[in-house]
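Text of upload.cif, listed as mmCIF, N, CA and C atoms:
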```cif
data_structure
loop_
_atom_site.label_atom_id
_atom_site.label_comp_id
_atom_site.auth_asym_id
_atom_site.auth_seq_id
_atom_site.Cartn_x
_atom_site.Cartn_y
_atom_site.Cartn_z
N GLN A 20 141.74 85.36 144.75
CA GLN A 20 141.54 86.66 145.39
C GLN A 20 142.89 87.23 145.79
N VAL A 21 142.96 88.58 145.81
CA VAL A 21 144.19 89.24 146.22
C VAL A 21 143.86 90.30 147.25
N GLN A 22 144.77 90.48 148.19
CA GLN A 22 144.75 91.59 149.12
C GLN A 22 145.89 92.51 148.73
N LEU A 23 145.65 93.83 148.85
CA LEU A 23 146.60 94.80 148.33
C LEU A 23 147.09 95.73 149.43
N ALA A 24 148.37 96.06 149.38
CA ALA A 24 148.95 96.98 150.36
C ALA A 24 149.88 97.94 149.65
N GLU A 25 149.52 99.24 149.68
CA GLU A 25 150.34 100.27 149.04
C GLU A 25 151.39 100.78 150.01
N SER A 26 152.48 101.28 149.44
CA SER A 26 153.54 101.93 150.21
C SER A 26 154.27 102.89 149.30
N GLY A 27 155.07 103.77 149.92
CA GLY A 27 155.90 104.67 149.14
C GLY A 27 155.45 106.10 149.07
N GLY A 28 154.28 106.39 149.64
CA GLY A 28 153.82 107.77 149.63
C GLY A 28 154.63 108.64 150.56
N GLY A 29 154.38 109.94 150.50
CA GLY A 29 155.09 110.86 151.37
C GLY A 29 154.95 112.29 150.90
N LEU A 30 155.79 113.14 151.47
CA LEU A 30 155.82 114.57 151.15
C LEU A 30 157.03 114.83 150.26
N VAL A 31 156.79 115.51 149.16
CA VAL A 31 157.87 115.82 148.23
C VAL A 31 157.64 117.22 147.66
N GLN A 32 158.71 117.88 147.30
CA GLN A 32 158.58 119.19 146.67
C GLN A 32 158.22 119.04 145.20
N ALA A 33 157.59 120.07 144.67
CA ALA A 33 157.26 120.08 143.25
C ALA A 33 158.52 119.85 142.42
N GLY A 34 158.39 119.04 141.40
CA GLY A 34 159.52 118.66 140.57
C GLY A 34 160.22 117.40 141.01
N GLY A 35 159.87 116.91 142.19
CA GLY A 35 160.50 115.72 142.72
C GLY A 35 159.86 114.44 142.21
N SER A 36 160.32 113.33 142.78
CA SER A 36 159.86 112.01 142.34
C SER A 36 159.50 111.14 143.54
N LEU A 37 158.62 110.22 143.32
CA LEU A 37 158.27 109.17 144.28
C LEU A 37 157.97 107.90 143.50
N ARG A 38 158.20 106.78 144.15
CA ARG A 38 157.79 105.50 143.56
C ARG A 38 156.86 104.80 144.54
N LEU A 39 155.65 104.55 144.10
CA LEU A 39 154.68 103.82 144.89
C LEU A 39 154.77 102.34 144.55
N SER A 40 154.54 101.52 145.56
CA SER A 40 154.49 100.08 145.37
C SER A 40 153.16 99.56 145.88
N CYS A 41 152.69 98.51 145.27
CA CYS A 41 151.47 97.83 145.71
C CYS A 41 151.76 96.35 145.72
N ALA A 42 151.85 95.80 146.92
CA ALA A 42 152.15 94.38 147.07
C ALA A 42 150.85 93.61 147.21
N ALA A 43 150.74 92.56 146.44
CA ALA A 43 149.53 91.74 146.44
C ALA A 43 149.81 90.40 147.11
N SER A 44 148.91 90.01 147.98
CA SER A 44 148.98 88.67 148.56
C SER A 44 147.77 87.89 148.07
N GLY A 45 147.95 86.58 147.92
CA GLY A 45 146.88 85.77 147.38
C GLY A 45 147.34 85.12 146.10
N SER A 46 146.40 84.61 145.38
CA SER A 46 146.76 83.79 144.23
C SER A 46 146.50 84.50 142.91
N ARG A 47 147.26 84.10 141.92
CA ARG A 47 147.01 84.44 140.52
C ARG A 47 147.09 85.94 140.26
N PHE A 48 148.05 86.59 140.85
CA PHE A 48 148.23 88.03 140.65
C PHE A 48 148.34 88.36 139.16
N SER A 49 148.96 87.48 138.41
CA SER A 49 149.27 87.79 137.01
C SER A 49 148.04 87.91 136.12
N ILE A 50 146.88 87.47 136.58
CA ILE A 50 145.69 87.52 135.73
C ILE A 50 144.95 88.86 135.84
N TYR A 51 145.35 89.68 136.80
CA TYR A 51 144.60 90.90 137.06
C TYR A 51 145.10 92.09 136.25
N ASP A 52 144.15 92.90 135.77
CA ASP A 52 144.48 94.27 135.43
C ASP A 52 144.83 94.96 136.74
N MET A 53 145.93 95.69 136.76
CA MET A 53 146.32 96.43 137.95
C MET A 53 146.25 97.92 137.65
N GLU A 54 145.64 98.66 138.54
CA GLU A 54 145.38 100.07 138.28
C GLU A 54 145.76 100.92 139.49
N TRP A 55 146.15 102.13 139.22
CA TRP A 55 146.38 103.14 140.25
C TRP A 55 145.32 104.23 140.08
N TYR A 56 144.69 104.56 141.18
CA TYR A 56 143.75 105.66 141.24
C TYR A 56 144.27 106.69 142.25
N ARG A 57 143.73 107.88 142.16
CA ARG A 57 144.02 108.86 143.20
C ARG A 57 142.76 109.65 143.50
N GLN A 58 142.74 110.18 144.70
CA GLN A 58 141.61 111.00 145.13
C GLN A 58 142.14 112.21 145.89
N ALA A 59 141.89 113.38 145.32
CA ALA A 59 142.27 114.63 145.98
C ALA A 59 141.13 115.07 146.88
N PRO A 60 141.44 115.88 147.88
CA PRO A 60 140.40 116.35 148.80
C PRO A 60 139.26 117.03 148.04
N GLY A 61 138.04 116.61 148.32
CA GLY A 61 136.88 117.22 147.69
C GLY A 61 136.63 116.82 146.26
N LYS A 62 137.41 115.88 145.75
CA LYS A 62 137.26 115.47 144.35
C LYS A 62 136.95 113.98 144.27
N GLU A 63 136.44 113.58 143.12
CA GLU A 63 136.16 112.16 142.91
C GLU A 63 137.46 111.39 142.65
N ARG A 64 137.40 110.12 142.93
CA ARG A 64 138.53 109.26 142.64
C ARG A 64 138.69 109.13 141.12
N GLU A 65 139.92 109.23 140.66
CA GLU A 65 140.18 109.14 139.23
C GLU A 65 141.27 108.13 138.95
N ARG A 66 141.15 107.46 137.81
CA ARG A 66 142.18 106.50 137.46
C ARG A 66 143.38 107.24 136.86
N VAL A 67 144.54 106.84 137.33
CA VAL A 67 145.79 107.46 136.91
C VAL A 67 146.49 106.61 135.86
N ALA A 68 146.54 105.30 136.13
CA ALA A 68 147.27 104.41 135.22
C ALA A 68 146.75 102.99 135.36
N LEU A 69 146.95 102.23 134.30
CA LEU A 69 146.50 100.84 134.25
C LEU A 69 147.57 100.01 133.54
N ILE A 70 147.73 98.77 133.98
CA ILE A 70 148.59 97.83 133.27
C ILE A 70 147.86 96.49 133.20
N THR A 71 147.81 95.93 132.01
CA THR A 71 147.12 94.66 131.80
C THR A 71 148.04 93.48 132.13
N PRO A 72 147.47 92.28 132.20
CA PRO A 72 148.34 91.11 132.41
C PRO A 72 149.43 90.99 131.35
N GLY A 73 149.16 91.43 130.15
CA GLY A 73 150.15 91.35 129.08
C GLY A 73 151.14 92.49 129.06
N GLY A 74 150.95 93.47 129.95
CA GLY A 74 151.89 94.58 130.04
C GLY A 74 151.50 95.83 129.28
N SER A 75 150.34 95.84 128.65
CA SER A 75 149.87 97.07 128.01
C SER A 75 149.51 98.09 129.08
N THR A 76 149.77 99.35 128.77
CA THR A 76 149.55 100.41 129.75
C THR A 76 148.65 101.50 129.19
N ASN A 77 148.05 102.22 130.11
CA ASN A 77 147.20 103.35 129.76
C ASN A 77 147.30 104.37 130.87
N TYR A 78 147.33 105.66 130.49
CA TYR A 78 147.53 106.72 131.47
C TYR A 78 146.49 107.83 131.31
N ALA A 79 146.17 108.47 132.41
CA ALA A 79 145.38 109.70 132.34
C ALA A 79 146.22 110.76 131.63
N GLU A 80 145.54 111.63 130.90
CA GLU A 80 146.25 112.68 130.16
C GLU A 80 147.11 113.54 131.08
N SER A 81 146.63 113.75 132.28
CA SER A 81 147.32 114.65 133.21
C SER A 81 148.67 114.12 133.69
N VAL A 82 148.91 112.82 133.50
CA VAL A 82 150.17 112.24 134.00
C VAL A 82 151.03 111.64 132.89
N LYS A 83 150.54 111.66 131.67
CA LYS A 83 151.32 111.09 130.57
C LYS A 83 152.67 111.77 130.45
N GLY A 84 153.70 110.95 130.29
CA GLY A 84 155.06 111.47 130.18
C GLY A 84 155.74 111.71 131.51
N ARG A 85 154.99 111.64 132.60
CA ARG A 85 155.57 111.86 133.94
C ARG A 85 155.50 110.61 134.81
N PHE A 86 154.44 109.83 134.66
CA PHE A 86 154.24 108.63 135.49
C PHE A 86 154.45 107.39 134.64
N THR A 87 154.96 106.35 135.28
CA THR A 87 155.14 105.06 134.61
C THR A 87 154.66 103.95 135.53
N ILE A 88 153.76 103.13 135.01
CA ILE A 88 153.28 101.98 135.75
C ILE A 88 154.01 100.74 135.25
N SER A 89 154.34 99.85 136.18
CA SER A 89 155.00 98.60 135.81
C SER A 89 154.57 97.53 136.80
N ARG A 90 154.83 96.29 136.44
CA ARG A 90 154.47 95.19 137.33
C ARG A 90 155.58 94.13 137.29
N ASP A 91 155.73 93.46 138.43
CA ASP A 91 156.65 92.34 138.55
C ASP A 91 155.83 91.16 139.06
N ASN A 92 155.44 90.30 138.16
CA ASN A 92 154.55 89.20 138.53
C ASN A 92 155.26 88.20 139.45
N ALA A 93 156.57 88.11 139.36
CA ALA A 93 157.31 87.20 140.24
C ALA A 93 157.27 87.69 141.69
N LYS A 94 157.13 89.01 141.86
CA LYS A 94 157.08 89.59 143.21
C LYS A 94 155.65 89.98 143.61
N ASN A 95 154.69 89.71 142.73
CA ASN A 95 153.29 90.09 143.01
C ASN A 95 153.17 91.57 143.37
N THR A 96 153.84 92.41 142.61
CA THR A 96 153.90 93.83 142.93
C THR A 96 153.71 94.67 141.68
N VAL A 97 152.97 95.77 141.86
CA VAL A 97 152.84 96.77 140.81
C VAL A 97 153.41 98.08 141.34
N TYR A 98 154.02 98.83 140.45
CA TYR A 98 154.70 100.07 140.83
C TYR A 98 154.12 101.26 140.06
N LEU A 99 154.27 102.42 140.65
CA LEU A 99 153.96 103.67 139.96
C LEU A 99 155.11 104.62 140.19
N GLN A 100 155.92 104.82 139.17
CA GLN A 100 157.01 105.78 139.24
C GLN A 100 156.46 107.14 138.84
N MET A 101 156.60 108.11 139.74
CA MET A 101 156.04 109.44 139.52
C MET A 101 157.18 110.45 139.49
N ASN A 102 157.37 111.07 138.36
CA ASN A 102 158.41 112.08 138.19
C ASN A 102 157.79 113.44 137.92
N THR A 103 158.61 114.46 138.08
CA THR A 103 158.17 115.84 137.84
C THR A 103 156.83 116.11 138.50
N LEU A 104 156.76 115.80 139.77
CA LEU A 104 155.49 115.92 140.49
C LEU A 104 155.06 117.37 140.61
N LYS A 105 153.74 117.55 140.60
CA LYS A 105 153.12 118.87 140.70
C LYS A 105 152.20 118.90 141.91
N PRO A 106 151.94 120.09 142.44
CA PRO A 106 151.02 120.17 143.59
C PRO A 106 149.66 119.52 143.30
N GLU A 107 149.21 119.57 142.07
CA GLU A 107 147.91 118.97 141.74
C GLU A 107 147.96 117.44 141.71
N ASP A 108 149.11 116.86 141.88
CA ASP A 108 149.21 115.40 142.02
C ASP A 108 148.94 114.95 143.46
N THR A 109 148.76 115.88 144.35
CA THR A 109 148.48 115.57 145.75
C THR A 109 147.18 114.80 145.89
N GLY A 110 147.21 113.78 146.73
CA GLY A 110 146.01 112.99 146.99
C GLY A 110 146.36 111.66 147.61
N VAL A 111 145.33 110.88 147.86
CA VAL A 111 145.53 109.51 148.32
C VAL A 111 145.53 108.62 147.08
N TYR A 112 146.58 107.82 146.97
CA TYR A 112 146.74 106.93 145.83
C TYR A 112 146.35 105.50 146.23
N TYR A 113 145.49 104.93 145.41
CA TYR A 113 144.96 103.59 145.69
C TYR A 113 145.35 102.62 144.58
N CYS A 114 145.64 101.44 144.99
CA CYS A 114 145.89 100.34 144.07
C CYS A 114 144.58 99.56 143.92
N TYR A 115 144.33 99.06 142.71
CA TYR A 115 143.08 98.36 142.42
C TYR A 115 143.40 97.19 141.51
N ALA A 116 142.87 96.03 141.88
CA ALA A 116 143.05 94.82 141.07
C ALA A 116 141.70 94.43 140.47
N TYR A 117 141.70 94.19 139.18
CA TYR A 117 140.44 93.86 138.51
C TYR A 117 140.61 92.60 137.66
N SER A 118 139.63 91.70 137.82
CA SER A 118 139.47 90.61 136.88
C SER A 118 137.98 90.40 136.69
N TYR A 119 137.62 89.56 135.78
CA TYR A 119 136.20 89.31 135.51
C TYR A 119 135.50 88.76 136.76
N TYR A 120 136.23 88.02 137.56
CA TYR A 120 135.61 87.31 138.69
C TYR A 120 135.76 88.02 140.02
N TYR A 121 136.72 88.90 140.11
CA TYR A 121 137.04 89.47 141.43
C TYR A 121 137.75 90.80 141.26
N ASN A 122 137.49 91.72 142.19
CA ASN A 122 138.24 92.96 142.22
C ASN A 122 138.39 93.42 143.67
N ASN A 123 139.41 94.21 143.91
CA ASN A 123 139.67 94.66 145.28
C ASN A 123 140.51 95.92 145.28
N TRP A 124 140.38 96.70 146.35
CA TRP A 124 141.12 97.94 146.54
C TRP A 124 142.11 97.79 147.68
N GLY A 125 143.20 98.54 147.59
CA GLY A 125 144.07 98.71 148.72
C GLY A 125 143.57 99.81 149.62
N GLN A 126 144.31 100.07 150.71
CA GLN A 126 143.88 101.07 151.70
C GLN A 126 144.32 102.48 151.32
N GLY A 127 145.27 102.59 150.41
CA GLY A 127 145.71 103.90 149.96
C GLY A 127 146.97 104.38 150.65
N THR A 128 147.69 105.25 149.97
CA THR A 128 148.88 105.90 150.52
C THR A 128 148.84 107.37 150.13
N GLN A 129 149.16 108.23 151.09
CA GLN A 129 149.07 109.67 150.87
C GLN A 129 150.30 110.19 150.13
N VAL A 130 150.05 110.99 149.10
CA VAL A 130 151.10 111.70 148.39
C VAL A 130 150.80 113.20 148.50
N THR A 131 151.76 113.95 149.01
CA THR A 131 151.61 115.39 149.13
C THR A 131 152.77 116.07 148.42
N VAL A 132 152.42 116.95 147.47
CA VAL A 132 153.43 117.67 146.71
C VAL A 132 153.34 119.14 147.08
N SER A 133 154.40 119.65 147.64
CA SER A 133 154.41 121.06 148.06
C SER A 133 154.98 121.94 146.95
N SER A 134 154.45 123.15 146.90
CA SER A 134 154.90 124.09 145.84
C SER A 134 156.09 124.92 146.29
#
```
Written as structure tokens, that's how I'd like the structure from this file.
Amino acid sequence: QVQLAESGGGLVQAGGSLRLSCAASGSRFSIYDMEWYRQAPGKERERVALITPGGSTNYAESVKGRFTISRDNAKNTVYLQMNTLKPEDTGVYYCYAYSYYYNNWGQGTQVTVSS
């Protein structure tokens, strides 16, 4: 099982960058698919990016070419580098760990992009 804690959110102007981190505590971090979701006010939670244990990645169309997900299994951490941010990227960003046997969410970190 893993517990997740996000950090790195904040207020940034459009065109700026932020890097989110998700630190995992517990065992066997390397076996999990790690995913970033976001939820804007009044909207459903949507998946932004995913990275598999083997390092394969997948992105929502809206963030392709701007966001990069990566993981450091030695540090039990997954990152989301967000560049060229837009006001529509505003929302609470959540880290999610998935395996066949167990899954868990972090508490979220707020990202606000001003125009």
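Our summary of the geometry notes that CA of Val82 in chain A is positioned 22.9 Å from CA of Leu23 in chain A.
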The PyMOL selection byres (((chain A and resi 98 and name CA) around 12) and name CA) on the file shown: which residues, as a ChimeraX atom specification?
/A:24-28,37-43,53-55,68-70,86-92,94-97,99-101,112-115
How would you write as a list of chain:residue names the residues that get within 5 Å of (144.9, 106.0, 139.4) in the file's frame, counting all atoms listed in the file?
A:Trp55, A:Tyr56, A:Arg57, A:Glu65, A:Arg66, A:Val67, A:Ala68
List the neighbours of Ser36 in chain A out to 10 Å using only C-alpha atoms; skip same-chain residues closer than 5 positions along the sequence, and give me the result as an mmCIF file with N, CA and C atoms, in the frame of the given file.
```
data_model
loop_
_atom_site.group_PDB
_atom_site.id
_atom_site.type_symbol
_atom_site.label_atom_id
_atom_site.label_comp_id
_atom_site.auth_asym_id
_atom_site.auth_seq_id
_atom_site.Cartn_x
_atom_site.Cartn_y
_atom_site.Cartn_z
ATOM 1 N N VAL A 31 156.790 115.510 149.160
ATOM 2 C CA VAL A 31 157.870 115.820 148.230
ATOM 3 C C VAL A 31 157.640 117.220 147.660
ATOM 4 N N ARG A 85 154.990 111.640 132.600
ATOM 5 C CA ARG A 85 155.570 111.860 133.940
ATOM 6 C C ARG A 85 155.500 110.610 134.810
ATOM 7 N N PHE A 86 154.440 109.830 134.660
ATOM 8 C CA PHE A 86 154.240 108.630 135.490
ATOM 9 C C PHE A 86 154.450 107.390 134.640
ATOM 10 N N GLN A 100 155.920 104.820 139.170
ATOM 11 C CA GLN A 100 157.010 105.780 139.240
ATOM 12 C C GLN A 100 156.460 107.140 138.840
ATOM 13 N N MET A 101 156.600 108.110 139.740
ATOM 14 C CA MET A 101 156.040 109.440 139.520
ATOM 15 C C MET A 101 157.180 110.450 139.490
ATOM 16 N N ASN A 102 157.370 111.070 138.360
ATOM 17 C CA ASN A 102 158.410 112.080 138.190
ATOM 18 C C ASN A 102 157.790 113.440 137.920
ATOM 19 N N THR A 103 158.610 114.460 138.080
ATOM 20 C CA THR A 103 158.170 115.840 137.840
ATOM 21 C C THR A 103 156.830 116.110 138.500
ATOM 22 N N LEU A 104 156.760 115.800 139.770
ATOM 23 C CA LEU A 104 155.490 115.920 140.490
ATOM 24 C C LEU A 104 155.060 117.370 140.610
ATOM 25 N N LYS A 105 153.740 117.550 140.600
ATOM 26 C CA LYS A 105 153.120 118.870 140.700
ATOM 27 C C LYS A 105 152.200 118.900 141.910
ATOM 28 N N VAL A 132 152.420 116.950 147.470
ATOM 29 C CA VAL A 132 153.430 117.670 146.710
ATOM 30 C C VAL A 132 153.340 119.140 147.080
#
```
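The protein and nucleic acid residues lying at most 6 Å from range 48-51 of chain A are Thr71, Pro72, Asn92, Asn95, Ala116, Tyr117 and Ser118 of chain A, with only N, CA and C atoms considered and sequence neighbours fewer than 6 positions away removed.
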So what does the PyMOL selection byres (((chain A and resi 131 and name CA) around 6) and name CA) actually pick up in this one, as a short mmCIF file (atom, residue, chain, number, x, y, z; two decimals) with N, CA and C atoms, in the frame of the given file?
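After the write, expr.cif holds the following:
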```cif
data_model
loop_
_atom_site.label_atom_id
_atom_site.label_comp_id
_atom_site.auth_asym_id
_atom_site.auth_seq_id
_atom_site.Cartn_x
_atom_site.Cartn_y
_atom_site.Cartn_z
N LEU A 30 155.79 113.14 151.47
CA LEU A 30 155.82 114.57 151.15
C LEU A 30 157.03 114.83 150.26
N THR A 109 148.76 115.88 144.35
CA THR A 109 148.48 115.57 145.75
C THR A 109 147.18 114.80 145.89
N VAL A 130 150.05 110.99 149.10
CA VAL A 130 151.10 111.70 148.39
C VAL A 130 150.80 113.20 148.50
N VAL A 132 152.42 116.95 147.47
CA VAL A 132 153.43 117.67 146.71
C VAL A 132 153.34 119.14 147.08
#
```
CA of Gln22 in chain A to atom N of Gly61 in chain A, distance in Å rounded to a single decimal
25.9 Å
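Note that atom N of Asn122 in chain A and atom C of Gln58 in chain A are 21.3 Å apart.
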If you run DSSP on the backbone here, which positions in range 33-122 of chain A get strand (DSSP E)? Please write them as a ChimeraX atom specification.
/A:37-45,52-58,65-70,76-78,86-91,96-101,110-117,122
Size and centre in Å, one decimal, axis-aligned box, all listed range 24-42 of chain A atoms plus 3 Å per side, as JSON:
```
{"center_x": 154.4, "center_y": 106.8, "center_z": 146.0, "size_x": 18.1, "size_y": 32.5, "size_z": 16.9}
```
Exercise: residues within 8 Å of coordinate (137.9, 90.5, 148.9), counting all atoms listed in the file, as a PyMOL selection string
chain A and resi 20-22+121-124
Which residue out of A:Ser133, A:Arg47, A:Ala33, A:Gly125 has the minimum interatomic distance to Ala93 in chain A when only C-alpha atoms are used?
A:Arg47
Write down as a tab-separated table (two decimals) with N, CA and C atoms, keeping the file's coordinate frame the residues belonging to chain A that are assigned helix (DSSP H, G or I) by DSSP computed on the backbone.
```tsv
chain	number	residue	atom	x	y	z
A	48	PHE	N	148.05	86.59	140.85
A	48	PHE	CA	148.23	88.03	140.65
A	48	PHE	C	148.34	88.36	139.16
A	49	SER	N	148.96	87.48	138.41
A	49	SER	CA	149.27	87.79	137.01
A	49	SER	C	148.04	87.91	136.12
A	50	ILE	N	146.88	87.47	136.58
A	50	ILE	CA	145.69	87.52	135.73
A	50	ILE	C	144.95	88.86	135.84
A	80	GLU	N	145.54	111.63	130.90
A	80	GLU	CA	146.25	112.68	130.16
A	80	GLU	C	147.11	113.54	131.08
A	81	SER	N	146.63	113.75	132.28
A	81	SER	CA	147.32	114.65	133.21
A	81	SER	C	148.67	114.12	133.69
A	82	VAL	N	148.91	112.82	133.50
A	82	VAL	CA	150.17	112.24	134.00
A	82	VAL	C	151.03	111.64	132.89
A	106	PRO	N	151.94	120.09	142.44
A	106	PRO	CA	151.02	120.17	143.59
A	106	PRO	C	149.66	119.52	143.30
A	107	GLU	N	149.21	119.57	142.07
A	107	GLU	CA	147.91	118.97	141.74
A	107	GLU	C	147.96	117.44	141.71
A	108	ASP	N	149.11	116.86	141.88
A	108	ASP	CA	149.21	115.40	142.02
A	108	ASP	C	148.94	114.95	143.46
```
Export: range 24-55 of chain A, C-alpha atoms, as an mmCIF file, in the first residue's frame:
```
data_model
loop_
_atom_site.group_PDB
_atom_site.id
_atom_site.type_symbol
_atom_site.label_atom_id
_atom_site.label_comp_id
_atom_site.auth_asym_id
_atom_site.auth_seq_id
_atom_site.Cartn_x
_atom_site.Cartn_y
_atom_site.Cartn_z
ATOM 1 C CA ALA A 24 1.232 13.566 -0.803
ATOM 2 C CA GLU A 25 1.215 16.180 -3.568
ATOM 3 C CA SER A 26 3.131 19.450 -3.511
ATOM 4 C CA GLY A 27 4.183 22.200 -5.872
ATOM 5 C CA GLY A 28 0.894 23.847 -6.698
ATOM 6 C CA GLY A 29 0.386 27.585 -6.648
ATOM 7 C CA LEU A 30 -0.567 30.691 -8.581
ATOM 8 C CA VAL A 31 1.145 31.339 -11.890
ATOM 9 C CA GLN A 32 0.531 33.612 -14.854
ATOM 10 C CA ALA A 33 -0.504 32.207 -18.204
ATOM 11 C CA GLY A 34 2.533 30.995 -20.099
ATOM 12 C CA GLY A 35 4.370 30.097 -16.926
ATOM 13 C CA SER A 36 5.489 26.767 -15.530
ATOM 14 C CA LEU A 37 5.036 24.671 -12.407
ATOM 15 C CA ARG A 38 6.349 21.301 -11.340
ATOM 16 C CA LEU A 39 4.134 19.134 -9.175
ATOM 17 C CA SER A 40 5.539 16.360 -7.035
ATOM 18 C CA CYS A 41 3.804 13.375 -5.502
ATOM 19 C CA ALA A 42 5.716 11.600 -2.770
ATOM 20 C CA ALA A 43 4.662 8.074 -1.943
ATOM 21 C CA SER A 44 5.199 6.362 1.367
ATOM 22 C CA GLY A 45 4.808 2.637 1.784
ATOM 23 C CA SER A 46 6.059 -0.313 -0.103
ATOM 24 C CA ARG A 47 6.568 -1.299 -3.707
ATOM 25 C CA PHE A 48 6.047 2.097 -5.317
ATOM 26 C CA SER A 49 7.629 0.820 -8.510
ATOM 27 C CA ILE A 50 4.782 -1.599 -9.272
ATOM 28 C CA TYR A 51 2.118 1.093 -9.542
ATOM 29 C CA ASP A 52 0.785 2.939 -12.517
ATOM 30 C CA MET A 53 1.063 6.555 -11.387
ATOM 31 C CA GLU A 54 -1.421 9.082 -12.682
ATOM 32 C CA TRP A 55 -2.192 12.770 -12.396
#
```
